[in-house]
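Enquirer: Coordinates in my_file_21.txt, compact mmCIF, C-alpha atoms and all ligand atoms, are listed below.
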# COMPACT_ATOMS: atom_id res chain seq x y z
CA MET A 814 123.84 98.15 122.36
CA ALA A 815 124.71 97.51 125.98
CA THR A 816 123.26 99.69 128.69
CA ASP A 817 124.89 100.31 132.01
CA ILE A 818 122.22 98.89 134.27
CA PRO A 819 123.41 99.40 137.86
CA THR A 820 124.03 96.25 139.87
CA ILE A 821 123.73 95.16 143.50
CA LYS A 822 126.26 92.77 145.02
CA LEU A 823 124.85 89.51 146.36
CA GLU A 824 126.38 87.72 149.37
CA SER A 825 128.04 85.31 146.93
CA GLY A 826 129.81 88.25 145.27
CA ALA A 827 127.68 88.00 142.10
CA LEU A 828 126.35 91.27 140.72
CA ILE A 829 122.63 91.38 140.02
CA PRO A 830 121.38 94.06 137.58
CA THR A 831 118.68 96.17 139.26
CA LEU A 832 116.29 95.93 136.31
CA GLY A 833 115.31 92.57 134.84
CA TYR A 834 113.23 91.27 131.94
CA GLY A 835 110.72 88.53 132.79
CA THR A 836 109.80 85.54 130.66
CA GLY A 837 106.58 84.71 132.53
CA THR A 838 103.32 86.74 132.30
CA ALA A 839 102.17 86.87 128.65
CA TRP A 840 104.92 84.43 127.63
CA PHE A 841 103.68 81.70 129.95
CA LYS A 842 103.00 78.49 127.99
CA LYS A 843 99.58 77.01 128.57
CA PRO A 844 99.07 73.24 128.89
CA GLY A 845 99.01 71.82 125.38
CA ASP A 846 101.14 74.61 123.86
CA GLN A 847 103.84 72.84 121.95
CA GLY A 848 106.81 73.81 119.87
CA ILE A 849 109.01 76.87 120.04
CA ASP A 850 107.19 80.15 120.58
CA GLN A 851 108.96 82.46 118.17
CA ALA A 852 107.25 85.54 119.65
CA THR A 853 108.92 84.81 122.99
CA VAL A 854 112.28 84.17 121.35
CA GLY A 855 111.95 87.43 119.39
CA ALA A 856 110.96 89.56 122.37
CA VAL A 857 113.67 88.19 124.66
CA THR A 858 116.30 88.57 121.94
CA PHE A 859 115.13 92.16 121.40
CA ALA A 860 115.28 92.85 125.14
CA ILE A 861 118.84 91.54 125.39
CA LYS A 862 119.91 93.53 122.33
CA SER A 863 118.26 96.65 123.81
CA GLY A 864 120.40 96.34 126.92
CA TYR A 865 118.67 94.10 129.46
CA ARG A 866 121.19 91.76 131.06
CA HIS A 867 119.06 90.26 133.81
CA LEU A 868 116.63 87.63 132.48
CA ASP A 869 114.05 86.12 134.79
CA GLY A 870 112.89 82.62 133.93
CA ALA A 871 111.26 79.67 135.64
CA GLU A 872 110.64 76.02 134.98
CA ALA A 873 106.91 76.75 135.49
CA TYR A 874 106.72 79.36 132.70
CA GLY A 875 107.50 76.73 130.06
CA THR A 876 109.72 79.27 128.28
CA GLU A 877 113.23 78.13 129.22
CA THR A 878 113.84 76.66 125.77
CA GLU A 879 112.90 80.00 124.17
CA LEU A 880 115.08 81.86 126.68
CA GLY A 881 118.05 79.63 125.81
CA ILE A 882 117.55 80.22 122.08
CA ALA A 883 117.25 83.99 122.61
CA ILE A 884 120.48 84.05 124.63
CA LYS A 885 122.28 82.33 121.73
CA GLU A 886 120.63 84.52 119.07
CA SER A 887 121.42 87.74 120.93
CA GLY A 888 125.13 87.21 120.43
CA VAL A 889 125.78 88.63 123.92
CA LYS A 890 128.45 86.78 125.87
CA ARG A 891 127.05 84.42 128.47
CA GLU A 892 129.18 85.90 131.23
CA GLU A 893 127.54 89.30 130.67
CA LEU A 894 124.10 87.91 131.48
CA PHE A 895 122.40 87.18 134.78
CA VAL A 896 119.90 84.38 134.15
CA THR A 897 117.46 83.32 136.84
CA SER A 898 115.37 80.20 136.97
CA LYS A 899 113.03 78.84 139.63
CA VAL A 900 111.99 75.39 140.63
CA GLU A 901 108.38 74.63 141.51
CA LYS A 902 106.96 71.50 139.92
CA GLY A 903 110.28 69.71 140.21
CA ILE A 904 110.66 70.59 143.88
CA ASP A 905 110.69 66.92 144.96
CA ASP A 906 113.93 66.35 143.07
CA ILE A 907 115.78 69.63 142.85
CA GLN A 908 118.96 68.14 141.31
CA LYS A 909 116.92 66.58 138.49
CA ALA A 910 114.95 69.83 138.04
CA ILE A 911 118.02 72.03 137.73
CA ASP A 912 119.66 69.60 135.30
CA ALA A 913 116.56 69.76 133.09
CA THR A 914 116.50 73.55 133.35
CA LEU A 915 120.14 73.79 132.28
CA GLU A 916 119.45 71.49 129.36
CA ARG A 917 116.53 73.63 128.18
CA LEU A 918 118.58 76.80 128.60
CA GLN A 919 121.47 75.14 126.74
CA LEU A 920 123.80 76.19 129.53
CA ASP A 921 126.48 73.86 130.93
CA TYR A 922 126.18 75.43 134.28
CA VAL A 923 124.41 78.29 135.93
CA ASP A 924 127.12 80.90 135.75
CA PHE A 925 128.55 83.29 138.24
CA TYR A 926 125.64 85.69 137.90
CA GLU A 927 122.86 83.22 138.30
CA ALA A 928 120.31 82.88 141.09
CA TYR A 929 118.11 79.87 141.50
CA LEU A 930 114.93 80.30 143.49
CA ILE A 931 112.44 78.03 145.16
CA HIS A 932 109.42 79.26 143.28
CA SER A 933 107.08 79.68 146.19
CA PRO A 934 106.94 78.49 149.79
CA PHE A 935 103.53 76.97 149.41
CA PHE A 936 104.70 73.42 148.84
CA ALA A 937 105.96 73.27 152.41
CA ARG A 938 103.87 71.49 154.98
CA ASN A 939 106.16 72.46 157.84
CA ASP A 940 109.58 73.90 158.75
CA ASN A 941 111.32 70.57 158.13
CA ASP A 942 110.04 70.57 154.56
CA LEU A 943 111.44 74.05 153.95
CA GLN A 944 114.74 73.17 155.58
CA SER A 945 115.26 69.94 153.65
CA LYS A 946 114.42 71.62 150.33
CA TRP A 947 116.83 74.41 151.15
CA ALA A 948 119.56 71.82 151.84
CA GLU A 949 118.91 70.49 148.30
CA MET A 950 119.27 74.02 146.93
CA GLU A 951 122.61 74.29 148.74
CA LYS A 952 123.72 71.05 147.07
CA ALA A 953 122.87 72.55 143.66
CA GLN A 954 125.07 75.54 144.39
CA GLN A 955 127.87 73.38 145.81
CA ALA A 956 127.76 71.24 142.64
CA GLY A 957 128.39 74.40 140.61
CA LYS A 958 125.00 74.27 138.90
CA ALA A 959 123.86 77.56 140.47
CA ARG A 960 126.24 80.33 141.43
CA ALA A 961 123.79 81.84 143.87
CA ILE A 962 120.59 80.50 145.40
CA GLY A 963 117.57 82.33 146.71
CA VAL A 964 113.86 82.06 147.36
CA SER A 965 110.63 83.47 145.98
CA ASN A 966 107.43 84.53 147.74
CA PHE A 967 108.93 83.82 151.17
CA LEU A 968 107.44 85.65 154.13
CA GLN A 969 109.13 86.27 157.43
CA PRO A 970 108.28 82.89 159.09
CA HIS A 971 109.50 80.95 156.02
CA LEU A 972 112.81 82.82 156.03
CA GLU A 973 113.23 82.32 159.76
CA ALA A 974 112.65 78.57 159.32
CA ILE A 975 115.33 78.03 156.68
CA LEU A 976 117.82 80.33 158.37
CA LYS A 977 117.79 78.02 161.41
CA THR A 978 119.56 75.29 159.44
CA ALA A 979 120.96 77.04 156.35
CA ARG A 980 124.67 76.74 155.63
CA ILE A 981 124.28 79.11 152.69
CA LYS A 982 121.97 82.06 153.26
CA PRO A 983 119.42 82.83 150.53
CA SER A 984 120.84 85.72 148.53
CA VAL A 985 117.54 86.89 147.01
CA ASN A 986 113.85 86.87 147.93
CA GLN A 987 111.66 87.51 144.88
CA ILE A 988 108.23 88.85 145.84
CA GLU A 989 105.36 90.78 144.30
CA TYR A 990 106.19 94.40 145.02
CA HIS A 991 104.49 97.67 144.08
CA PRO A 992 102.89 100.60 145.94
CA TYR A 993 99.77 98.56 146.74
CA LEU A 994 101.78 95.64 148.18
CA GLN A 995 104.69 96.91 150.27
CA HIS A 996 104.79 93.95 152.70
CA GLY A 997 105.09 95.80 156.01
CA ASP A 998 108.39 94.87 157.71
CA LEU A 999 109.46 92.19 155.24
CA LEU A 1000 111.85 94.42 153.28
CA THR A 1001 113.49 95.65 156.47
CA MET A 1002 113.99 92.07 157.63
CA ASP A 1003 115.39 90.96 154.26
CA LYS A 1004 117.79 93.89 154.21
CA ARG A 1005 118.91 93.28 157.79
CA LEU A 1006 119.74 89.70 156.84
CA GLY A 1007 121.61 90.77 153.72
CA ILE A 1008 118.95 89.25 151.45
CA VAL A 1009 118.36 91.27 148.29
CA VAL A 1010 114.69 91.86 147.47
CA GLU A 1011 113.53 91.34 143.91
CA GLY A 1012 110.10 92.70 143.01
CA TYR A 1013 107.76 91.44 140.30
CA GLY A 1014 104.47 93.00 139.19
CA PRO A 1015 105.87 96.56 139.51
CA LEU A 1016 103.35 98.00 137.03
CA THR A 1017 100.31 96.63 138.87
CA PRO A 1018 98.90 100.07 139.87
CA LEU A 1019 98.87 100.96 136.17
CA THR A 1020 97.78 97.66 134.70
CA ARG A 1021 95.79 95.49 137.12
CA ALA A 1022 94.70 97.92 139.84
CA LYS A 1023 94.08 101.15 137.95
CA GLY A 1024 91.91 103.74 139.64
CA GLY A 1025 93.85 103.99 142.88
CA PRO A 1026 95.43 106.65 145.09
CA VAL A 1027 98.81 106.82 143.30
CA ASP A 1028 97.40 107.45 139.80
CA GLU A 1029 97.44 111.23 139.90
CA LEU A 1030 100.91 111.56 141.42
CA VAL A 1031 102.41 108.98 139.03
CA ALA A 1032 100.89 110.85 136.06
CA ARG A 1033 102.30 114.17 137.37
CA LEU A 1034 105.78 112.73 137.86
CA ALA A 1035 105.69 111.17 134.38
CA ARG A 1036 105.07 114.65 132.96
CA LYS A 1037 107.77 116.19 135.18
CA TYR A 1038 110.46 113.72 134.05
CA SER A 1039 109.11 113.26 130.47
CA VAL A 1040 108.85 109.48 130.91
CA SER A 1041 105.94 107.06 130.89
CA GLU A 1042 103.86 106.33 133.98
CA GLY A 1043 105.25 102.79 133.86
CA SER A 1044 108.79 104.15 134.08
CA VAL A 1045 107.83 106.17 137.19
CA LEU A 1046 106.55 102.99 138.90
CA LEU A 1047 109.68 101.06 137.93
CA ARG A 1048 111.86 103.91 139.23
CA TRP A 1049 109.96 104.00 142.53
CA SER A 1050 110.67 100.29 142.97
CA VAL A 1051 114.37 100.67 142.07
CA ASP A 1052 114.66 103.72 144.36
CA ARG A 1053 113.25 101.60 147.22
CA GLY A 1054 116.30 99.36 146.76
CA VAL A 1055 114.36 96.58 145.06
CA VAL A 1056 115.74 94.68 142.05
CA THR A 1057 112.82 95.17 139.70
CA ILE A 1058 111.48 92.62 137.18
CA THR A 1059 109.16 93.78 134.44
CA THR A 1060 108.28 92.49 130.99
CA SER A 1061 106.69 93.55 127.73
CA GLY A 1062 106.03 92.13 124.30
CA LYS A 1063 106.12 95.58 122.74
CA GLU A 1064 109.45 96.80 121.42
CA GLU A 1065 108.57 100.39 122.23
CA ARG A 1066 107.90 99.55 125.90
CA ILE A 1067 110.93 97.26 126.19
CA LYS A 1068 113.11 100.22 125.22
CA GLU A 1069 111.07 102.82 127.09
CA PHE A 1070 111.46 100.98 130.40
CA LEU A 1071 115.21 101.45 130.16
CA ASP A 1072 114.38 105.15 130.73
CA VAL A 1073 114.31 104.35 134.43
CA LEU A 1074 118.09 104.50 134.27
CA LYS A 1075 118.01 108.09 133.04
CA PHE A 1076 116.21 109.75 135.92
CA LYS A 1077 115.75 109.43 139.66
CA LEU A 1078 112.85 110.37 141.90
CA THR A 1079 113.58 112.63 144.86
CA GLU A 1080 113.39 111.10 148.33
CA ASP A 1081 110.18 113.04 148.96
CA GLU A 1082 108.60 111.74 145.75
CA VAL A 1083 109.48 108.15 146.64
CA ALA A 1084 108.04 108.65 150.14
CA GLU A 1085 104.88 110.26 148.75
CA ILE A 1086 104.18 107.34 146.38
CA SER A 1087 104.80 104.89 149.26
CA LYS A 1088 102.44 106.78 151.57
CA LEU A 1089 99.64 107.05 149.01
CA GLY A 1090 100.15 103.41 147.99
CA GLU A 1091 99.55 102.24 151.54
CA GLN A 1092 95.96 103.48 151.28
CA LYS A 1093 95.12 100.60 148.95
CA HIS A 1094 95.86 96.88 149.15
CA TYR A 1095 96.07 94.81 145.99
CA ARG A 1096 97.73 91.47 145.31
CA ALA A 1097 97.90 90.44 141.66
CA TRP A 1098 99.59 87.01 141.98
CA TRP A 1099 99.05 83.93 144.18
CA LYS A 1100 95.79 85.42 145.50
CA SER A 1101 94.38 82.05 146.50
CA LYS A 1102 97.33 81.48 148.85
CA PHE A 1103 96.70 84.55 150.98
CA ALA A 1104 93.77 85.94 152.96
CA ALA A 1105 92.23 88.94 151.14
CA ASP A 1106 93.50 91.42 153.71
CA ASP A 1107 96.95 89.84 154.21
CA ARG A 1108 99.53 92.56 153.52
CA SER A 1109 102.60 90.54 154.53
N1 LIG A 1201 108.10 84.59 141.39
C1 LIG A 1201 106.84 84.71 141.06
O1 LIG A 1201 105.94 84.15 141.71
C2 LIG A 1201 106.46 85.60 139.88
C3 LIG A 1201 105.13 85.93 139.66
C4 LIG A 1201 104.82 86.79 138.61
C5 LIG A 1201 105.81 87.28 137.78
N2 LIG A 1201 107.12 86.94 137.99
C6 LIG A 1201 108.20 87.43 137.08
O2 LIG A 1201 108.12 88.82 136.94
C7 LIG A 1201 107.97 89.17 135.55
C8 LIG A 1201 107.17 90.44 135.42
O3 LIG A 1201 105.91 90.27 136.04
P1 LIG A 1201 104.67 91.18 135.69
O4 LIG A 1201 104.17 90.84 134.35
O5 LIG A 1201 103.72 91.10 136.81
O6 LIG A 1201 105.34 92.63 135.58
P2 LIG A 1201 104.76 94.07 135.29
O7 LIG A 1201 105.95 94.86 134.89
O8 LIG A 1201 103.95 94.55 136.44
O9 LIG A 1201 103.74 93.91 134.08
C9 LIG A 1201 104.16 93.67 132.77
C10 LIG A 1201 102.93 93.57 131.93
O10 LIG A 1201 102.28 94.85 131.91
C11 LIG A 1201 101.91 95.17 130.58
N3 LIG A 1201 102.00 96.64 130.44
C12 LIG A 1201 103.08 97.41 130.55
N4 LIG A 1201 102.80 98.71 130.41
C13 LIG A 1201 101.47 98.75 130.20
C14 LIG A 1201 100.55 99.83 129.99
N5 LIG A 1201 100.95 101.10 129.95
N6 LIG A 1201 99.26 99.52 129.82
C15 LIG A 1201 98.83 98.23 129.83
N7 LIG A 1201 99.66 97.17 130.03
C16 LIG A 1201 100.96 97.43 130.20
C17 LIG A 1201 102.88 94.44 129.70
O11 LIG A 1201 102.21 94.12 128.48
P3 LIG A 1201 102.75 94.55 127.03
O12 LIG A 1201 103.34 93.32 126.46
O13 LIG A 1201 101.48 95.00 126.36
O14 LIG A 1201 103.74 95.67 127.19
C18 LIG A 1201 103.20 93.17 130.50
O15 LIG A 1201 102.29 92.14 130.17
C19 LIG A 1201 107.33 87.94 134.93
O16 LIG A 1201 107.49 87.87 133.53
C20 LIG A 1201 108.09 86.85 135.66
O17 LIG A 1201 109.37 86.69 135.10
C21 LIG A 1201 107.46 86.12 139.04
Since I need it in another form, could you write the structure as structure tokens?
Expert:
Amino acid sequence: MATDIPTIKLESGALIPTLGYGTGTAWFKKPGDQGIDQATVGAVTFAIKSGYRHLDGAEAYGTETELGIAIKESGVKREELFVTSKVEKGIDDIQKAIDATLERLQLDYVDFYEAYLIHSPFFARNDNDLQSKWAEMEKAQQAGKARAIGVSNFLQPHLEAILKTARIKPSVNQIEYHPYLQHGDLLTMDKRLGIVVEGYGPLTPLTRAKGGPVDELVARLARKYSVSEGSVLLRWSVDRGVVTITTSGKEERIKEFLDVLKFKLTEDEVAEISKLGEQKHYRAWWKSKFAADDRS
């Protein structure tokens, strides 16, 4: 069954589905884990068959082999999928890293719908570092290995640094995004530059930071629209114009999250969640890289 997940056009012309299925989080392989993880293959295959077309992977998750197998097993045509990968450990040799990624994914090339992201800006010692790595990313796109290139966890100064020398603008910035981490002006800046924002960790208020100011409203809206509280949070993120990445190992939730395509929050409801969310600050990922009160 294919679902009509709405898409957003990237600068490159590629269409990115606004809801994606992640292969990190619980799927993450720990050091020493060997062999194919059939649970990951099964869940990703189920997600694709249920209608997800945007699959979020990364070299660092250790699950690219499973993702490649699931793509094959799903029977869905490659050109209908938007597969993302990210480089982190292999950052010193991006061409080698992307070749290895493609081999694990069993893809000859990263197709028209693909974005390739620098996993996080934290490797960079200075602007020159960022700029030279970005030039390597551009080479990967020019070689046809990635159809679109972007960044992940970039804040305003990091974007400004690479834009000074970029020949190809990043098409996507993937960041943690939920009501308790709205990043001040970052979204406005990304949008002004034509950079699409992708948000991960959308369910954080429900899963990792429960007991906060949005709980009551999210529960009320879930009742109003007869959807789960998770679907309300995903819809809020999509309604803020953010390409939203979630994940689940539970078939029921994988299907349920597609409910976000069946309803829409009103502008007032979106604004109310945003306003309440600003009363609390919570960062679920990369905590050690930021000061506790850093909301950027
Ligand atoms: N670029 C980066 O630095 C970065 C960082 C983190 C993540 N990501 C990407 O984003 C994807 C999604 O990230 P995320 O896991 O933070 O997304 P999320 O959508 O906030 O959380 C998904 C997790 O929440 C659990 N969950 C869902 N509904 C729940 C409920 N009602 N009660 C309790 N638990 C519930 C799911 O577990 P079940 O299996 O039980 O449903 C799943 O483990 C990752 O897989 C990865 O692809 C990128």
Enquirer: Restricting the calculation to all atoms listed in the file: of A:Val1031, A:Ile849, A:Ala839, A:Ala1022, which residue gets closest to ligand LIG 1201 (chain A)?
Expert: A:Ala839
Enquirer: List as a tab-separated table every residue of chain A that is in contact with ligand LIG 1201 (chain A), defined as an atom at most 7 Å from one of its atoms (using all atoms listed in the file), together with the nearest atom pair and the distance in Å rounded to one decimal, sorted by chain and then rising number.
Expert:
residue	atom	partner	partner_atom	distance
A:Tyr834	CA	A:LIG1201	C7	6.7
A:Gly835	CA	A:LIG1201	O17	3.2
A:Thr836	CA	A:LIG1201	O16	4.4
A:Gly837	CA	A:LIG1201	O16	3.4
A:Thr838	CA	A:LIG1201	O16	4.5
A:Ala839	CA	A:LIG1201	O15	5.5
A:Asp869	CA	A:LIG1201	O17	4.7
A:Gly870	CA	A:LIG1201	O17	5.5
A:His932	CA	A:LIG1201	N1	5.8
A:Ser933	CA	A:LIG1201	O1	6.4
A:Ser965	CA	A:LIG1201	N1	5.4
A:Asn966	CA	A:LIG1201	O1	6.2
A:Gln987	CA	A:LIG1201	N1	5.8
A:Ile988	CA	A:LIG1201	N1	6.2
A:Glu989	CA	A:LIG1201	C3	6.7
A:Tyr1013	CA	A:LIG1201	O2	4.3
A:Gly1014	CA	A:LIG1201	O5	3.1
A:Pro1015	CA	A:LIG1201	O8	4.1
A:Leu1016	CA	A:LIG1201	O8	3.6
A:Thr1017	CA	A:LIG1201	O8	4.8
A:Leu1019	CA	A:LIG1201	C14	6.5
A:Thr1020	CA	A:LIG1201	C15	5.0
A:Gly1043	CA	A:LIG1201	N4	5.9
A:Ile1058	CA	A:LIG1201	O2	5.1
A:Thr1059	CA	A:LIG1201	O7	3.4
A:Thr1060	CA	A:LIG1201	C9	4.6
A:Ser1061	CA	A:LIG1201	O12	3.6
A:Gly1062	CA	A:LIG1201	O12	3.6
A:Lys1063	CA	A:LIG1201	O14	5.0
A:Arg1066	CA	A:LIG1201	O14	5.8
A:Trp1098	CA	A:LIG1201	C3	6.1
Enquirer: What does the distance from CA of Ala956 in chain A to CA of Ala910 in chain A come to in Å, to one decimal?
Expert: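 CA of Ala910 in chain A lies 13.7 Å from CA of Ala956 in chain A.
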Enquirer: Kindly assemble as a Markdown table a list of the range 1002-1027 of chain A residues that lie within 12 Å of range 968-973 of chain A, each paired with its nearest atom pair and their distance in Å to one decimal, using all atoms listed in the file, sorted first by chain and then by ascending residue number.
Expert:
| residue | atom | partner | partner_atom | distance |
| --- | --- | --- | --- | --- |
| A:Met1002 | CA | A:Gln969 | CA | 7.6 |
| A:Asp1003 | CA | A:Gln969 | CA | 8.4 |
| A:Lys1004 | CA | A:Gln969 | CA | 12.0 |
| A:Leu1006 | CA | A:Leu972 | CA | 9.8 |
| A:Ile1008 | CA | A:Leu972 | CA | 10.0 |
| A:Val1010 | CA | A:Leu968 | CA | 11.6 |
Enquirer: Nearest to Gln919 in chain A among A:Arg938, A:Arg960, A:Arg891, A:Lys902, with distances taken over all atoms listed in the file: which residue is it?
Expert: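 Closest residue, counting all atoms listed in the file: A:Arg891.
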Enquirer: List as a list in words the protein and nucleic acid residues near Ile821 in chain A, meaning an atom at most 8 Å away when all atoms listed in the file are counted, but skip any in the same chain fewer than 6 places from it.
Expert: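 Returned residues: Leu828, Ile829, Pro830 and Thr831 of chain A.
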Enquirer: May I have the residues within 12 Å of Ile911 in chain A as a PyMOL selection string, using all atoms listed in the file and disregarding those fewer than 6 positions away in the same chain?
Expert: chain A and resi 871-872+877+897-905+917-923+928-931+949-950+952-954+956-959+962
Enquirer: Could you check how far CA of Ile981 in chain A sits from CA of Ala827 in chain A, in Å to one decimal?
Expert: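 Straight-line distance from CA of Ile981 in chain A to CA of Ala827 in chain A works out to 14.2 Å.
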Enquirer: Kindly assemble as JSON lines a list of the range 967-1010 of chain A residues that lie within 8 Å of range 1072-1094 of chain A, each paired with its nearest atom pair and their distance in Å to one decimal, using all atoms listed in the file, sorted first by chain and then by ascending residue number.
Expert:
{"residue": "A:Pro992", "atom": "CA", "partner": "A:Gly1090", "partner_atom": "CA", "distance": 4.4}
{"residue": "A:Tyr993", "atom": "CA", "partner": "A:His1094", "partner_atom": "CA", "distance": 4.9}
{"residue": "A:Leu994", "atom": "CA", "partner": "A:His1094", "partner_atom": "CA", "distance": 6.1}
{"residue": "A:Gln995", "atom": "CA", "partner": "A:Glu1091", "partner_atom": "CA", "distance": 7.5}
Enquirer: In terms of the shortest atom-to-atom distance over only C-alpha atoms, which of A:Leu943, A:Ala883, A:Ala1032, A:Ala961 is closest to Gly826 in chain A?
Expert: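 Of the candidates, the smallest distance to Gly826 in chain A is held by A:Ala961.
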Enquirer: Could you please determine the separation between CA of Phe967 in chain A and CA of Tyr865 in chain A in Å, to one decimal place?
Expert: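 For CA of Phe967 in chain A relative to CA of Tyr865 in chain A, the distance reads 25.9 Å.
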Enquirer: Which is closest to Ser984 in chain A among A:Asp850, A:Asp940, A:Glu1065, A:Glu951, if we use all atoms listed in the file?
Expert: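 Smallest distance to Ser984 in chain A is found for A:Glu951.
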Enquirer: Give the answer as one residue: which of A:Gln851, A:Gly864, A:Phe935, A:Ile907 has the shortest atom-to-atom distance to Lys1102 in chain A, using all atoms listed in the file?
Expert: A:Phe935
Enquirer: Pick the closest to His996 in chain A from A:Lys1100, A:Lys1023, A:Arg1108, A:Lys862: which is it, counting only C-alpha atoms?
Expert: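 So, comparing all the options, the nearest one is A:Arg1108.
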